[in-house]
$ cat upload27.cif   # mmCIF, C-alpha atoms
data_work
#
loop_
_atom_site.label_atom_id
_atom_site.label_comp_id
_atom_site.auth_asym_id
_atom_site.auth_seq_id
_atom_site.Cartn_x
_atom_site.Cartn_y
_atom_site.Cartn_z
CA GLU A 230 6.07 1.91 -9.14
CA VAL A 231 5.78 -0.67 -6.38
CA GLN A 232 4.79 -4.07 -7.77
CA LEU A 233 4.18 -7.46 -6.15
CA VAL A 234 3.82 -10.20 -8.73
CA GLN A 235 2.67 -13.59 -7.52
CA SER A 236 3.14 -16.98 -9.10
CA GLY A 237 0.32 -18.63 -10.99
CA ALA A 238 -2.58 -20.78 -9.84
CA GLU A 239 -1.77 -24.27 -8.61
CA VAL A 240 -3.74 -27.50 -8.49
CA LYS A 241 -2.31 -30.08 -6.12
CA LYS A 242 -3.26 -33.34 -4.46
CA PRO A 243 -3.42 -33.84 -0.69
CA GLY A 244 0.00 -34.68 0.71
CA GLU A 245 1.92 -32.88 -2.03
CA SER A 246 4.34 -30.06 -1.35
CA LEU A 247 4.14 -26.55 -2.78
CA LYS A 248 6.08 -23.29 -2.81
CA ILE A 249 4.50 -20.12 -4.16
CA SER A 250 6.27 -16.83 -4.73
CA CYS A 251 5.84 -13.08 -4.49
CA GLU A 252 8.34 -11.17 -6.65
CA THR A 253 8.70 -7.51 -5.76
CA SER A 254 10.02 -4.47 -7.61
CA GLY A 255 9.98 -0.70 -7.41
CA TYR A 256 11.34 -0.39 -3.89
CA THR A 257 14.16 -1.58 -1.62
CA PHE A 258 13.16 -5.15 -0.79
CA THR A 259 15.12 -5.31 2.45
CA ARG A 260 13.54 -2.19 3.93
CA PHE A 261 9.98 -3.55 4.17
CA TRP A 262 8.38 -6.64 5.64
CA ILE A 263 6.29 -9.00 3.50
CA ALA A 264 3.10 -10.48 4.95
CA TRP A 265 1.04 -13.42 3.71
CA VAL A 266 -2.75 -13.48 3.95
CA ARG A 267 -5.12 -16.37 3.29
CA GLN A 268 -8.63 -16.03 1.89
CA VAL A 269 -10.82 -19.07 1.49
CA PRO A 270 -13.13 -18.36 -1.47
CA GLY A 271 -16.14 -16.42 -0.27
CA LYS A 272 -14.67 -15.90 3.20
CA GLY A 273 -12.63 -13.29 5.06
CA LEU A 274 -8.95 -12.44 5.37
CA GLU A 275 -6.59 -14.33 7.71
CA TRP A 276 -3.09 -13.17 8.54
CA MET A 277 -0.64 -16.06 8.17
CA GLY A 278 2.71 -14.54 8.95
CA ILE A 279 5.32 -11.96 8.09
CA ILE A 280 9.01 -11.84 7.20
CA TYR A 281 11.68 -9.14 7.26
CA PRO A 282 13.88 -9.97 4.27
CA ALA A 283 16.89 -8.06 5.60
CA ASP A 284 17.52 -10.66 8.31
CA SER A 285 14.77 -13.27 7.68
CA ASP A 286 13.07 -12.49 11.01
CA THR A 287 9.78 -14.38 10.62
CA ARG A 288 6.61 -14.47 12.73
CA TYR A 289 3.60 -16.69 12.25
CA GLY A 290 -0.04 -16.45 13.17
CA PRO A 291 -1.13 -18.99 15.79
CA SER A 292 -3.17 -21.01 13.27
CA PHE A 293 -0.29 -21.27 10.83
CA GLN A 294 2.73 -21.90 13.05
CA GLY A 295 4.21 -25.24 12.00
CA GLN A 296 1.83 -25.54 9.04
CA VAL A 297 3.67 -23.34 6.53
CA THR A 298 7.13 -21.86 6.03
CA ILE A 299 7.74 -18.28 4.98
CA SER A 300 11.08 -17.36 3.46
CA ALA A 301 12.71 -14.70 1.32
CA ASP A 302 15.57 -14.45 -1.18
CA LYS A 303 17.19 -11.02 -1.12
CA SER A 304 19.02 -11.63 -4.40
CA LEU A 305 15.67 -12.18 -6.14
CA SER A 306 13.64 -9.60 -4.15
CA THR A 307 11.16 -12.42 -3.71
CA ALA A 308 9.26 -13.88 -0.78
CA PHE A 309 7.95 -17.42 -0.62
CA LEU A 310 5.21 -19.40 1.11
CA GLN A 311 5.72 -23.14 1.37
CA TRP A 312 3.82 -26.25 2.44
CA ARG A 313 5.37 -29.69 3.03
CA SER A 314 2.11 -31.60 2.91
CA LEU A 315 -1.01 -29.93 1.57
CA ARG A 316 -4.52 -30.62 2.81
CA ALA A 317 -7.85 -29.96 1.17
CA SER A 318 -8.43 -27.25 3.78
CA ASP A 319 -5.46 -25.31 2.31
CA THR A 320 -7.59 -24.51 -0.75
CA ALA A 321 -7.63 -20.73 -0.81
CA ILE A 322 -6.30 -17.58 -2.41
CA TYR A 323 -3.00 -16.46 -0.92
CA PHE A 324 -2.01 -12.80 -1.02
CA CYS A 325 1.34 -11.23 -0.27
CA ALA A 326 1.51 -7.65 0.93
CA ARG A 327 4.20 -5.09 1.67
CA VAL A 328 4.38 -3.78 5.23
CA PRO A 329 6.54 -0.79 6.26
CA LEU A 330 6.78 -1.58 10.00
CA PHE A 331 9.15 1.32 10.51
CA PHE A 332 8.79 4.74 12.10
CA THR A 333 8.11 7.96 10.23
CA GLU A 334 7.66 11.16 12.23
CA ASN A 335 7.82 9.05 15.39
CA GLN A 336 4.83 6.95 14.34
CA LEU A 337 4.99 3.28 13.45
CA ASN A 338 3.62 2.30 10.03
CA THR A 339 1.93 -1.09 10.39
CA GLN A 340 -0.40 -1.05 7.39
CA PHE A 341 -0.32 -3.37 4.37
CA ASP A 342 0.25 -0.70 1.73
CA SER A 343 0.67 -2.74 -1.47
CA TRP A 344 -0.76 -6.14 -2.31
CA GLY A 345 -0.08 -8.84 -4.87
CA PRO A 346 -2.98 -10.09 -7.02
CA GLY A 347 -3.16 -13.39 -5.16
CA THR A 348 -2.39 -17.03 -5.98
CA LEU A 349 -5.23 -19.54 -6.04
CA VAL A 350 -4.21 -22.88 -4.58
CA THR A 351 -6.60 -25.77 -5.08
CA VAL A 352 -5.98 -29.01 -3.21
CA SER A 353 -8.15 -31.88 -4.35
CA SER A 354 -7.80 -35.58 -4.86
CA ASP B 87 -6.83 -14.38 21.40
CA ILE B 88 -7.58 -10.90 20.19
CA VAL B 89 -10.83 -10.80 18.22
CA MET B 90 -11.92 -8.00 15.91
CA THR B 91 -15.69 -7.87 15.49
CA GLN B 92 -17.23 -5.77 12.74
CA SER B 93 -20.82 -4.62 12.64
CA PRO B 94 -22.98 -4.94 10.75
CA ASP B 95 -22.04 -8.00 8.67
CA SER B 96 -23.77 -6.36 5.71
CA LEU B 97 -25.55 -3.14 4.95
CA ALA B 98 -27.36 -1.48 2.07
CA VAL B 99 -27.18 2.28 1.67
CA SER B 100 -28.68 4.60 -0.94
CA LEU B 101 -26.45 6.46 -3.37
CA GLY B 102 -25.33 9.77 -1.92
CA GLU B 103 -26.04 8.68 1.64
CA ARG B 104 -23.63 7.76 4.43
CA ALA B 105 -22.41 4.29 5.35
CA THR B 106 -20.98 3.53 8.78
CA ILE B 107 -19.06 0.40 9.65
CA ASN B 108 -17.93 -0.39 13.18
CA CYS B 109 -15.02 -2.47 14.43
CA LYS B 110 -14.50 -3.53 18.03
CA SER B 111 -11.47 -5.30 19.44
CA SER B 112 -11.68 -7.74 22.31
CA PRO B 113 -8.17 -7.90 23.67
CA SER B 114 -6.67 -10.78 25.56
CA VAL B 115 -3.95 -10.68 28.19
CA LEU B 116 -1.47 -10.69 25.31
CA TYR B 117 -2.78 -7.39 24.01
CA SER B 118 -0.21 -4.61 23.87
CA ALA B 119 -1.50 -1.45 25.46
CA ASN B 120 -0.43 0.79 22.58
CA SER B 121 -1.80 -1.36 19.78
CA GLY B 122 -5.17 0.35 19.71
CA LYS B 123 -4.10 3.17 17.43
CA TYR B 124 -2.71 0.80 14.78
CA LEU B 125 -6.05 0.16 13.17
CA ALA B 126 -6.39 0.01 9.39
CA TRP B 127 -9.28 -0.34 6.96
CA TYR B 128 -9.24 -2.15 3.61
CA GLN B 129 -11.66 -2.33 0.71
CA GLN B 130 -11.95 -5.50 -1.37
CA LYS B 131 -13.91 -5.70 -4.59
CA PRO B 132 -14.74 -9.07 -6.20
CA GLY B 133 -11.78 -10.70 -7.88
CA GLN B 134 -9.34 -8.11 -6.55
CA PRO B 135 -6.85 -7.98 -3.69
CA PRO B 136 -7.68 -5.78 -0.71
CA LYS B 137 -6.84 -2.09 -1.01
CA LEU B 138 -5.62 0.07 1.85
CA LEU B 139 -8.01 2.92 2.66
CA ILE B 140 -7.16 4.14 6.15
CA TYR B 141 -4.26 3.49 8.52
CA ARG B 142 -3.40 4.52 12.07
CA THR B 143 -7.16 4.83 12.70
CA SER B 144 -7.74 8.00 10.69
CA ILE B 145 -5.04 8.65 8.09
CA ARG B 146 -6.24 8.29 4.51
CA GLU B 147 -3.90 6.48 2.16
CA SER B 148 -2.67 8.54 -0.77
CA GLY B 149 -5.26 8.70 -3.55
CA ILE B 150 -8.21 7.70 -1.39
CA PRO B 151 -11.18 10.11 -1.73
CA ASP B 152 -11.96 12.22 1.30
CA ARG B 153 -15.42 10.60 1.35
CA PHE B 154 -13.68 7.87 3.35
CA SER B 155 -12.86 8.70 6.95
CA GLY B 156 -11.80 6.73 10.00
CA SER B 157 -12.20 7.45 13.68
CA GLY B 158 -12.05 5.82 17.07
CA SER B 159 -9.72 4.95 19.90
CA GLY B 160 -8.99 2.20 22.39
CA THR B 161 -11.14 -0.72 21.30
CA ASP B 162 -13.86 0.96 19.18
CA PHE B 163 -13.32 2.19 15.64
CA THR B 164 -15.49 3.41 12.77
CA LEU B 165 -15.17 3.70 9.00
CA THR B 166 -17.50 6.28 7.49
CA ILE B 167 -18.19 6.57 3.78
CA SER B 168 -19.98 9.81 2.93
CA ASN B 169 -21.85 10.51 -0.31
CA LEU B 170 -21.88 6.83 -1.26
CA GLN B 171 -20.96 6.09 -4.85
CA ALA B 172 -21.70 2.99 -6.91
CA GLU B 173 -18.01 2.12 -7.02
CA ASP B 174 -17.96 1.83 -3.21
CA VAL B 175 -19.76 -1.51 -3.37
CA ALA B 176 -17.26 -3.90 -1.77
CA VAL B 177 -16.37 -5.81 1.38
CA TYR B 178 -14.61 -3.73 4.02
CA TYR B 179 -12.21 -5.15 6.59
CA CYS B 180 -10.67 -3.64 9.69
CA GLN B 181 -7.24 -4.81 10.81
CA GLN B 182 -5.48 -4.50 14.14
CA TYR B 183 -1.74 -4.67 14.70
CA ASN B 184 -0.40 -6.08 17.95
CA SER B 185 3.23 -5.46 18.79
CA SER B 186 3.94 -8.12 21.37
CA PRO B 187 3.61 -10.74 20.19
CA LEU B 188 3.79 -9.34 16.66
CA MET B 189 0.55 -10.29 14.97
CA TYR B 190 -2.27 -8.94 12.87
CA ILE B 191 -5.96 -9.60 13.28
CA PHE B 192 -8.64 -8.92 10.67
CA GLY B 193 -12.30 -8.33 11.30
CA GLN B 194 -14.71 -10.71 9.59
CA GLY B 195 -15.65 -8.17 6.92
CA THR B 196 -18.70 -6.03 6.16
CA LYS B 197 -20.43 -6.27 2.80
CA LEU B 198 -21.65 -2.91 1.50
CA GLU B 199 -24.34 -2.78 -1.18
CA ILE B 200 -26.46 -0.11 -2.81
CA LYS B 201 -30.08 0.12 -1.67
#

$ encode --input "upload27.cif" --output "structure tokens"
Amino acid sequence: EVQLVQSGAEVKKPGESLKISCETSGYTFTRFWIAWVRQVPGKGLEWMGIIYPADSDTRYGPSFQGQVTISADKSLSTAFLQWRSLRASDTAIYFCARVPLFFTENQLNTQFDSWGPGTLVTVSS
Amino acid sequence: DIVMTQSPDSLAVSLGERATINCKSSPSVLYSANSGKYLAWYQQKPGQPPKLLIYRTSIRESGIPDRFSGSGSGTDFTLTISNLQAEDVAVYYCQQYNSSPLMYIFGQGTKLEIK
């Protein structure tokens, strides 16, 4: 069974750093990409970025480039999302999701097929 | 930037009736010509992560009831929920994949309620 288990809720102050995790199991970690998605409470979904753990190829959404760092540890089958200096506007739920991004029957699979439960990050002074 | 616009923002449908949600992409010069078919739909219930319903415009994810169907091409896509059930109350999102540059864009969401 594919599982994505995310680290627990965090409460931080503005300016603090943070690294949250997404531990995967039930599949070959290096065969799939991992995406991160932000959801401000009561609002919609925003794609933040995506990483291919096999070679750490990472892409960021325009709004998140330079604001966060996405990484992965193959030995732990875990992906990470990191901030150097949090702001109040970073308060949100952060989801990780598995993404095939490979071809089957000559068709590319781009969908987010399994999701973690989300990590609530609260940034407040 | 590519923008995905869903309509309506919310709708109320009677049990057993049909719900239709639309999604339109407004591509920019960065839009990859073949990205149109990589359209997915997700369902999100309160307090839960999104759940994949449909991918590649019309393919139902394993385990999704055949009451859910997707259609469309180019820049206009539709999610149809037939024979609406109480458990279908949720927010629905469309999502577009763009290959170059690699990026994903979500629609703003459509809230579905029971009338």

$ interface_residues --input "upload27.cif" --of "chain A" --to "chain B" --cutoff "8 Å" --atoms "all atoms listed in the file" --output "PDB file with C-alpha atoms, in the coordinates of the input"
ATOM      1  CA  GLY A 273     -12.630 -13.290   5.060  1.00  0.00           C
ATOM      2  CA  LEU A 274      -8.950 -12.440   5.370  1.00  0.00           C
ATOM      3  CA  GLU A 275      -6.590 -14.330   7.710  1.00  0.00           C
ATOM      4  CA  TRP A 276      -3.090 -13.170   8.540  1.00  0.00           C
ATOM      5  CA  GLY A 278       2.710 -14.540   8.950  1.00  0.00           C
ATOM      6  CA  ARG A 288       6.610 -14.470  12.730  1.00  0.00           C
ATOM      7  CA  TYR A 289       3.600 -16.690  12.250  1.00  0.00           C
ATOM      8  CA  GLY A 290      -0.040 -16.450  13.170  1.00  0.00           C
ATOM      9  CA  PHE A 324      -2.010 -12.800  -1.020  1.00  0.00           C
ATOM     10  CA  ASN A 338       3.620   2.300  10.030  1.00  0.00           C
ATOM     11  CA  THR A 339       1.930  -1.090  10.390  1.00  0.00           C
ATOM     12  CA  GLN A 340      -0.400  -1.050   7.390  1.00  0.00           C
ATOM     13  CA  PHE A 341      -0.320  -3.370   4.370  1.00  0.00           C
ATOM     14  CA  ASP A 342       0.250  -0.700   1.730  1.00  0.00           C
ATOM     15  CA  SER A 343       0.670  -2.740  -1.470  1.00  0.00           C
ATOM     16  CA  TRP A 344      -0.760  -6.140  -2.310  1.00  0.00           C
ATOM     17  CA  GLY A 345      -0.080  -8.840  -4.870  1.00  0.00           C
ATOM     18  CA  PRO A 346      -2.980 -10.090  -7.020  1.00  0.00           C
ATOM     19  CA  GLY A 347      -3.160 -13.390  -5.160  1.00  0.00           C
TER      20      GLY A 347
END

$ closest_residue --input "upload27.cif" --among "B:Gln129, B:Ser111, B:Ser148, B:Ser96" --to "Asp162 (chain B)" --atoms "all atoms listed in the file"
B:Ser111

$ closest_residue --input "upload27.cif" --among "B:Val99, B:Ser186, B:Val89, B:Ile107" --to "Ser155 (chain B)" --atoms "all atoms listed in the file"
B:Ile107

$ residues_around --input "upload27.cif" --residues "Ile279 (chain A)" --least-positions-apart "5" --cutoff "8 Å" --atoms "only C-alpha atoms" --output "PyMOL selection string"
chain A and resi 262-265+287-289+299

$ resolve_selection --input "upload27.cif" --expression "the PyMOL selection byres ((chain B and resi 199) around 10)" --output "number ranges by chain"
B: 96-101, 105, 170, 172-177, 196-198, 200-201

$ resolve_selection --input "upload27.cif" --expression "the PyMOL selection byres ((chain B and resi 110) around 10)" --output "ChimeraX atom specification"
/B:89-93,108-109,111-113,158-164,180,182,193

$ atom_distance --input "upload27.cif" --atom1 "CA of Ser300 (chain A)" --atom2 "CA of Tyr281 (chain A)"
9.1 Å

$ atom_distance --input "upload27.cif" --atom1 "CA of Glu245 (chain A)" --atom2 "CA of Ser314 (chain A)"
5.1 Å

$ closest_residue --input "upload27.cif" --among "A:Val350, A:Ala321, A:Thr298, A:Phe332" --to "Lys272 (chain A)" --atoms "only C-alpha atoms"
A:Ala321

$ resolve_selection --input "upload27.cif" --expression "the PyMOL selection byres ((chain A and resi 307) around 9)" --output "JSON, numbers by chain"
{"A": [233, 250, 251, 252, 253, 254, 258, 282, 300, 301, 302, 303, 304, 305, 306, 308, 309]}

$ residues_around --input "upload27.cif" --residues "Thr348 (chain A)" --least-positions-apart "3" --cutoff "7 Å" --atoms "all atoms listed in the file" --output "list in words"
Gln235, Ser236, Gly237, Ala238, Ile322, Tyr323 and Phe324 of chain A

$ closest_residue --input "upload27.cif" --among "A:Ser318, A:Thr259, A:Gln336, A:Gln311" --to "Ile280 (chain A)" --atoms "only C-alpha atoms"
A:Thr259

$ atom_distance --input "upload27.cif" --atom1 "CA of Gly102 (chain B)" --atom2 "CA of Pro151 (chain B)"
14.2 Å

$ closest_residue --input "upload27.cif" --among "B:Thr106, B:Gly149, B:Thr143, B:Lys131" --to "Leu165 (chain B)" --atoms "only C-alpha atoms"
B:Thr106

$ closest_residue --input "upload27.cif" --among "A:Met277, A:Ala326, A:Val297, A:Val352" --to "Val234 (chain A)" --atoms "all atoms listed in the file"
A:Ala326
